[in-house]
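Source file: coords_38.txt; contents: compact mmCIF, C-alpha atoms.
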```txt
# COMPACT_ATOMS: atom_id res chain seq x y z
CA MET A 1 -36.08 131.56 -83.14
CA LYS A 2 -38.77 131.43 -85.83
CA VAL A 3 -38.23 129.29 -88.92
CA GLN A 4 -40.45 128.48 -91.90
CA LEU A 5 -39.45 125.38 -93.81
CA SER A 6 -39.10 125.69 -97.58
CA LYS A 7 -41.39 123.58 -99.77
CA ASP A 8 -38.67 121.08 -100.70
CA LEU A 9 -37.99 120.34 -97.01
CA GLN A 10 -41.55 120.23 -95.71
CA HIS A 11 -41.79 116.49 -96.36
CA ASP A 12 -38.24 115.75 -95.22
CA PRO A 13 -38.26 114.18 -91.70
CA ASP A 14 -34.83 115.65 -91.01
CA GLY A 15 -36.09 119.07 -92.06
CA ALA A 16 -38.82 118.97 -89.43
CA ILE A 17 -36.32 117.86 -86.76
CA ALA A 18 -33.90 120.63 -87.73
CA ALA A 19 -36.66 123.24 -87.63
CA ASP A 20 -37.69 122.18 -84.11
CA ILE A 21 -34.07 122.42 -82.94
CA VAL A 22 -33.64 125.88 -84.48
CA ARG A 23 -36.83 127.06 -82.76
CA SER A 24 -35.39 126.03 -79.39
CA CYS A 25 -32.43 128.43 -79.81
CA VAL A 26 -32.89 131.78 -78.03
CA HIS A 27 -29.71 133.33 -79.50
CA CYS A 28 -28.29 134.04 -76.04
CA GLY A 29 -24.70 133.42 -77.12
CA PHE A 30 -23.64 131.32 -74.12
CA CYS A 31 -22.39 128.72 -76.63
CA THR A 32 -19.67 131.03 -77.92
CA ALA A 33 -17.79 130.75 -74.62
CA THR A 34 -17.13 127.05 -75.14
CA CYS A 35 -16.79 126.89 -78.93
CA PRO A 36 -13.14 126.27 -79.93
CA THR A 37 -13.50 127.56 -83.50
CA TYR A 38 -15.08 130.81 -82.33
CA GLN A 39 -12.39 131.25 -79.70
CA VAL A 40 -9.66 130.83 -82.33
CA LEU A 41 -11.23 132.59 -85.33
CA GLY A 42 -13.46 135.17 -83.62
CA ASP A 43 -16.01 134.97 -86.45
CA GLU A 44 -19.67 134.87 -85.43
CA LEU A 45 -20.41 132.49 -88.33
CA ASP A 46 -17.83 130.09 -86.87
CA SER A 47 -19.78 129.90 -83.61
CA PRO A 48 -22.73 127.60 -82.89
CA ARG A 49 -25.07 130.59 -82.87
CA GLY A 50 -23.82 131.74 -86.27
CA ARG A 51 -24.03 128.26 -87.76
CA ILE A 52 -27.58 127.86 -86.47
CA TYR A 53 -28.45 131.08 -88.28
CA LEU A 54 -26.86 129.77 -91.50
CA ILE A 55 -28.79 126.49 -91.21
CA LYS A 56 -32.00 128.44 -90.54
CA GLU A 57 -31.51 130.30 -93.83
CA VAL A 58 -30.96 127.02 -95.70
CA LEU A 59 -34.08 125.51 -94.13
CA GLU A 60 -36.07 128.51 -95.32
CA GLY A 61 -34.91 128.08 -98.90
CA VAL A 62 -31.88 130.35 -99.19
CA GLN A 63 -29.35 128.82 -101.57
CA PRO A 64 -26.19 128.00 -99.56
CA SER A 65 -22.80 129.01 -100.90
CA GLU A 66 -19.33 127.53 -100.62
CA ARG A 67 -18.80 129.98 -97.77
CA THR A 68 -21.80 128.51 -95.94
CA GLN A 69 -20.35 125.06 -96.44
CA LEU A 70 -16.96 126.20 -95.14
CA HIS A 71 -18.42 127.53 -91.87
CA LEU A 72 -20.32 124.27 -91.30
CA ASP A 73 -17.24 122.19 -92.19
CA ARG A 74 -15.14 124.07 -89.64
CA CYS A 75 -17.33 122.84 -86.78
CA LEU A 76 -15.46 120.13 -84.84
CA THR A 77 -18.73 118.53 -83.67
CA CYS A 78 -17.23 118.50 -80.17
CA ARG A 79 -20.66 119.55 -78.80
CA ALA A 80 -19.06 121.58 -76.03
CA CYS A 81 -21.68 124.22 -76.78
CA GLU A 82 -24.42 121.86 -75.61
CA THR A 83 -22.94 121.88 -72.11
CA THR A 84 -23.54 125.63 -71.72
CA CYS A 85 -26.83 125.99 -73.59
CA PRO A 86 -29.67 126.94 -71.20
CA SER A 87 -32.29 125.96 -73.78
CA GLY A 88 -31.01 122.44 -74.40
CA VAL A 89 -30.44 122.98 -78.12
CA GLN A 90 -29.43 119.66 -79.74
CA TYR A 91 -26.73 121.29 -81.79
CA GLY A 92 -24.95 118.03 -82.68
CA ARG A 93 -28.00 116.71 -84.49
CA LEU A 94 -28.66 120.06 -86.15
CA ILE A 95 -25.15 120.47 -87.58
CA ASP A 96 -25.26 116.94 -89.05
CA ILE A 97 -28.59 117.64 -90.76
CA GLY A 98 -27.39 121.04 -91.95
CA ARG A 99 -24.24 119.56 -93.45
CA ARG A 100 -26.22 116.90 -95.30
CA ILE A 101 -28.63 119.41 -96.81
CA VAL A 102 -25.83 121.78 -97.84
CA GLU A 103 -23.85 118.85 -99.26
CA GLU A 104 -26.76 118.16 -101.61
CA LYS A 105 -26.97 121.79 -102.73
CA VAL A 106 -23.31 122.83 -103.08
CA ASP A 107 -20.82 121.10 -105.37
CA ARG A 108 -17.36 120.48 -103.94
CA SER A 109 -14.14 120.81 -105.87
CA TRP A 110 -12.42 117.69 -107.17
CA GLY A 111 -9.60 118.09 -104.66
CA ASP A 112 -12.01 118.52 -101.75
CA ARG A 113 -13.93 115.39 -102.71
CA LEU A 114 -10.70 113.42 -103.00
CA LYS A 115 -9.51 114.59 -99.58
CA ARG A 116 -12.80 113.71 -97.88
CA SER A 117 -12.89 110.32 -99.58
CA ALA A 118 -9.35 109.62 -98.39
CA LEU A 119 -10.33 110.53 -94.82
CA LYS A 120 -13.38 108.26 -94.86
CA ARG A 121 -11.53 105.28 -96.27
CA GLY A 122 -8.05 105.82 -94.89
CA LEU A 123 -8.82 106.48 -91.23
CA THR A 124 -11.32 103.64 -90.88
CA GLY A 125 -9.62 101.05 -93.08
CA LYS A 126 -7.08 98.32 -92.39
CA LEU A 127 -4.26 100.28 -94.04
CA PHE A 128 -4.20 103.06 -91.45
CA GLY A 129 -2.00 101.16 -88.99
CA PRO A 130 0.66 100.09 -91.53
CA ALA A 131 0.62 103.57 -93.14
CA LEU A 132 1.15 105.21 -89.74
CA LYS A 133 4.07 102.87 -88.95
CA LEU A 134 5.66 103.70 -92.29
CA GLY A 135 5.25 107.42 -91.61
CA GLN A 136 6.80 107.04 -88.15
CA TRP A 137 9.71 105.05 -89.61
CA VAL A 138 10.59 107.77 -92.15
CA ARG A 139 9.67 110.63 -89.78
CA PRO A 140 13.30 111.72 -89.12
CA LEU A 141 13.77 112.17 -92.87
CA LEU A 142 10.71 114.35 -93.41
CA PRO A 143 10.72 118.16 -93.63
CA GLN A 144 9.85 119.82 -90.34
CA THR A 145 6.36 120.87 -91.51
CA LEU A 146 5.48 117.24 -92.28
CA ARG A 147 7.38 115.81 -89.32
CA ARG A 148 5.18 117.73 -86.88
CA LYS A 149 2.10 116.06 -88.36
CA VAL A 150 3.38 112.51 -87.84
CA PRO A 151 3.02 111.45 -84.19
CA VAL A 152 5.99 109.91 -82.43
CA ARG A 153 5.74 106.16 -82.07
CA ARG A 154 4.47 105.15 -78.65
CA SER A 155 5.42 101.92 -76.94
CA ALA A 156 2.71 99.31 -76.79
CA ALA A 157 1.39 98.44 -73.33
CA THR A 158 0.61 94.92 -72.18
CA ALA A 159 -3.12 94.32 -71.90
CA VAL A 160 -4.75 92.04 -69.36
CA ARG A 161 -5.53 88.71 -70.99
CA GLY A 162 -7.07 85.49 -69.77
CA ARG A 163 -8.59 86.73 -66.52
CA GLN A 164 -12.31 86.12 -66.19
CA HIS A 165 -14.68 87.89 -63.82
CA ALA A 166 -18.40 87.66 -63.12
CA ARG A 167 -18.94 91.22 -64.30
CA ARG A 168 -18.19 91.88 -67.97
CA MET A 169 -18.06 95.06 -70.04
CA LEU A 170 -17.48 95.56 -73.75
CA LEU A 171 -14.42 97.62 -74.71
CA PRO A 172 -14.51 98.33 -78.49
CA PRO A 173 -11.02 99.03 -79.90
CA GLY A 174 -11.98 101.89 -82.24
CA CYS A 175 -10.49 102.72 -85.64
CA VAL A 176 -7.32 104.75 -85.05
CA GLN A 177 -6.67 104.54 -81.31
CA PRO A 178 -5.08 101.04 -81.37
CA SER A 179 -2.43 102.45 -83.72
CA LEU A 180 -2.07 105.98 -82.34
CA ALA A 181 -2.30 105.25 -78.61
CA PRO A 182 -2.53 101.51 -77.86
CA GLU A 183 -1.68 102.07 -74.18
CA ILE A 184 -5.07 103.72 -73.49
CA ASP A 185 -7.20 100.59 -73.95
CA ALA A 186 -4.54 98.50 -72.18
CA ALA A 187 -4.67 100.83 -69.17
CA THR A 188 -8.48 100.67 -69.16
CA MET A 189 -8.32 96.88 -69.12
CA HIS A 190 -5.98 96.97 -66.12
CA VAL A 191 -8.32 99.32 -64.24
CA LEU A 192 -11.37 97.17 -65.00
CA ASP A 193 -9.47 94.04 -63.98
CA ALA A 194 -8.56 95.67 -60.65
CA LEU A 195 -12.28 96.29 -60.16
CA GLN A 196 -13.03 92.62 -60.85
CA ILE A 197 -14.55 93.42 -64.24
CA GLU A 198 -13.59 91.56 -67.40
CA ALA A 199 -13.00 93.74 -70.47
CA VAL A 200 -14.37 91.99 -73.58
CA THR A 201 -12.92 93.14 -76.90
CA PRO A 202 -15.25 92.68 -79.87
CA LYS A 203 -14.30 92.38 -83.53
CA PRO A 204 -13.07 95.79 -84.79
CA ALA A 205 -15.84 97.83 -86.42
CA CYS A 206 -16.23 101.53 -87.20
CA CYS A 207 -19.02 103.27 -85.29
CA GLY A 208 -19.79 105.39 -88.36
CA ALA A 209 -19.03 108.77 -86.78
CA LEU A 210 -16.52 109.92 -89.39
CA ARG A 211 -18.73 109.14 -92.37
CA HIS A 212 -21.82 110.52 -90.62
CA HIS A 213 -20.18 113.83 -89.68
CA LEU A 214 -18.91 114.23 -93.24
CA GLY A 215 -22.50 114.21 -94.44
CA ASP A 216 -22.68 110.62 -95.72
CA ASP A 217 -25.11 107.82 -94.93
CA ALA A 218 -23.44 105.75 -92.20
CA LEU A 219 -26.28 103.29 -91.55
CA ASP A 220 -24.45 100.34 -93.11
CA GLU A 221 -21.45 100.91 -90.83
CA ILE A 222 -23.77 101.26 -87.83
CA ARG A 223 -25.46 97.96 -88.66
CA ARG A 224 -22.12 96.17 -89.03
CA THR A 225 -20.95 97.59 -85.70
CA ILE A 226 -24.06 96.43 -83.86
CA ASP A 227 -23.79 93.01 -85.53
CA ALA A 228 -20.22 92.74 -84.20
CA TRP A 229 -21.31 93.73 -80.69
CA TRP A 230 -24.61 91.91 -80.49
CA PRO A 231 -23.37 88.43 -79.48
CA HIS A 232 -21.57 90.00 -76.50
CA ILE A 233 -24.62 92.08 -75.56
CA GLU A 234 -26.78 88.94 -75.68
CA SER A 235 -24.24 87.11 -73.51
CA GLY A 236 -24.76 89.65 -70.73
CA VAL A 237 -22.20 92.47 -70.85
CA GLU A 238 -23.59 95.20 -68.63
CA ALA A 239 -22.10 98.19 -70.45
CA ILE A 240 -20.19 99.35 -73.50
CA VAL A 241 -17.17 101.32 -72.30
CA MET A 242 -15.54 103.61 -74.88
CA ASN A 243 -12.30 105.57 -74.60
CA ALA A 244 -12.95 107.68 -77.70
CA SER A 245 -15.50 110.31 -76.69
CA GLY A 246 -16.52 110.94 -80.30
CA CYS A 247 -17.38 107.27 -80.72
CA ALA A 248 -19.33 107.24 -77.44
CA CYS A 249 -21.40 110.24 -78.54
CA MET A 250 -22.08 108.59 -81.89
CA VAL A 251 -23.19 105.29 -80.35
CA LYS A 252 -25.56 107.15 -78.04
CA GLU A 253 -27.19 108.56 -81.18
CA TYR A 254 -27.88 105.11 -82.66
CA ALA A 255 -31.48 105.05 -81.45
CA HIS A 256 -32.14 108.37 -83.18
CA LEU A 257 -30.30 107.47 -86.39
CA LEU A 258 -32.02 104.08 -86.65
CA ARG A 259 -35.49 105.34 -85.72
CA ASN A 260 -36.85 104.59 -89.21
CA ASP A 261 -34.68 101.57 -89.94
CA LYS A 262 -36.59 98.49 -91.05
CA VAL A 263 -33.60 96.20 -91.43
CA LEU A 264 -32.17 96.25 -87.93
CA ARG A 265 -34.37 95.71 -84.90
CA TYR A 266 -31.74 95.51 -82.17
CA VAL A 267 -32.07 99.16 -81.22
CA THR A 268 -35.24 100.40 -79.56
CA ALA A 269 -36.39 103.97 -78.94
CA ASP A 270 -34.34 103.82 -75.73
CA GLY A 271 -31.16 102.76 -77.54
CA LEU A 272 -29.07 99.62 -77.09
CA PRO A 273 -30.17 97.28 -74.29
CA CYS A 274 -27.12 98.15 -72.19
CA ALA A 275 -25.47 101.35 -71.04
CA VAL A 276 -23.01 103.20 -73.29
CA VAL A 277 -20.45 105.16 -71.27
CA HIS A 278 -17.21 107.01 -71.80
CA ALA A 279 -14.42 105.46 -69.75
CA ASP A 280 -13.87 108.48 -67.51
CA THR A 281 -17.55 108.92 -66.64
CA PHE A 282 -18.00 105.65 -64.78
CA LEU A 283 -14.86 105.74 -62.65
CA ARG A 284 -15.06 107.78 -59.45
CA VAL A 285 -12.90 107.68 -56.33
CA GLU A 286 -14.81 107.56 -53.07
CA ASN A 287 -12.74 107.30 -49.91
CA GLY A 288 -10.03 105.35 -51.65
CA PRO A 289 -11.68 102.42 -53.44
CA PHE A 290 -13.14 102.77 -56.94
CA ARG A 291 -16.84 102.46 -57.49
CA ILE A 292 -18.70 102.00 -60.73
CA TYR A 293 -21.30 104.46 -62.02
CA LEU A 294 -23.25 103.99 -65.21
CA ASP A 295 -24.81 106.91 -67.10
CA GLU A 296 -28.56 106.86 -67.37
```

Could you express the structure from this file as structure tokens?
Amino acid sequence: MKVQLSKDLQHDPDGAIAADIVRSCVHCGFCTATCPTYQVLGDELDSPRGRIYLIKEVLEGVQPSERTQLHLDRCLTCRACETTCPSGVQYGRLIDIGRRIVEEKVDRSWGDRLKRSALKRGLTGKLFGPALKLGQWVRPLLPQTLRRKVPVRRSAATAVRGRQHARRMLLPPGCVQPSLAPEIDAATMHVLDALQIEAVTPKPACCGALRHHLGDDALDEIRRTIDAWWPHIESGVEAIVMNASGCACMVKEYAHLLRNDKVLRYVTADGLPCAVVHADTFLRVENGPFRIYLDE
């Protein structure tokens, strides 16, 4: 797809990256088969192909509207479309750049700004856990429409503690999972322990995905996260295992997001000096016993 950058974006590094990604799209439409918003809404502009076209217009200088912003906001950033794209379009990076540019050009309503600010601070802050417990406590008293939105309290599982093994992997706790589904990390620890691998839990830190996907600068959060992990990486953990797939995808983008960073020098062009894997990608069953596989 041809694209000609507008004058105000010709000196923007992100503009050049976005233009290269748009040019790689051949408009085949394979992405629509795996896009959840297109499957539900049936609107071409709520498909990856349609959003790429909207971003192309913005890159070429067309003034985006609130409608443009709405279609970009509706994207879940699940990146399922990338799995079916024959051209290897880096849609995840493109939608983040597109959102940022549109955010600078389209004013949001006061209510929309308040809601987004609450999401950024509430979901990644220390008050999320207590607020969730309060909501679960009063859940039976809520109207049915609100009750459905408050998850049922799940019993906490006992994690493996105190066992040391020669092999060690980092298991970051995430922002909301310890409160919403604490049994997931506990189960992962038990599996790793059965494989003679020690699960090391670092100090809680947000990977920056939520703020980044909402069009904000998340570099400070990324730096704090790496600072929290770095002592464990230096001590020899061989991988960072993540149960939240969104967090894993975000961490794999650190090398790209920090490519021009002059403050932090931990991340090279190849990323962090250890593998970053989603929990279900490194466990495989072969003739009974588990074996460990690390993504390249």

Considering only C-alpha atoms, give me a table of residues in segment 61-100 of chain A that are at most 9 Å from segment 2-25 of chain A, with the closest atom pair and distance in Å for each, as a tab-separated table.
```
residue	atom	partner	partner_atom	distance
A:Gly61	CA	A:Ser6	CA	5.0
A:Val62	CA	A:Ser6	CA	8.7
A:Cys85	CA	A:Cys25	CA	8.7
A:Ser87	CA	A:Ser24	CA	6.4
A:Gly88	CA	A:Ser24	CA	7.5
A:Val89	CA	A:Ser24	CA	6.0
A:Gln90	CA	A:Ile21	CA	6.3
A:Tyr91	CA	A:Ile21	CA	7.5
A:Arg93	CA	A:Ala18	CA	7.8
A:Leu94	CA	A:Ala18	CA	5.5
A:Ile95	CA	A:Ala18	CA	8.8
A:Ile97	CA	A:Asp14	CA	6.6
A:Gly98	CA	A:Ala18	CA	7.8
```

Counting all atoms listed in the file, which residue out of A:Leu132, A:Leu210, A:Ile101, A:Cys78 sits closest to Lys149 of chain A?
A:Leu132

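For the point (5.7, 104.6, -86.2) in file coordinates, the residues within 9 Å, using all atoms listed in the file, are Gly129, Pro130, Ala131, Leu132, Lys133, Leu134, Gly135, Gln136, Trp137, Val138, Arg139, Val150, Pro151, Val152, Arg153, Arg154, Ser179 and Leu180 of chain A.
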
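Put simply, atom CA of Ala248 of chain A is 8.8 Å away from atom CA of Cys207 of chain A.
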
Give as number ranges by chain the set of residues within 10 Å of the point (-14.0, 96.7, -70.6), where distances use the file's coordinates and only C-alpha atoms.
A: 167-172, 185-186, 188-193, 197-201, 237-243, 279

List as a ChimeraX atom specification the protein and nucleic acid residues near segment 35-45 of chain A, meaning an atom at most 9 Å away when all atoms listed in the file are counted, but skip any in the same chain fewer than 3 places from it.
/A:31-32,48-54,68,71-72,74-76,78-81

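Among the candidates A:His165, A:Arg116, A:Leu219, A:Thr158, the one nearest to Pro182 of chain A when counting only C-alpha atoms is A:Thr158.
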
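The interatomic distance for the pair atom CA of Thr124 of chain A and atom CA of Lys105 of chain A works out to 26.7 Å.
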
What is the distance, in Å and to one decimal place, between atom CA of Ser245 of chain A and atom CA of Pro231 of chain A?
23.4 Å

So, with only C-alpha atoms as the atoms that count, which of A:Val106, A:Ala33, A:Ile233, A:Cys28 lies closest to Val58 of chain A?
A:Val106
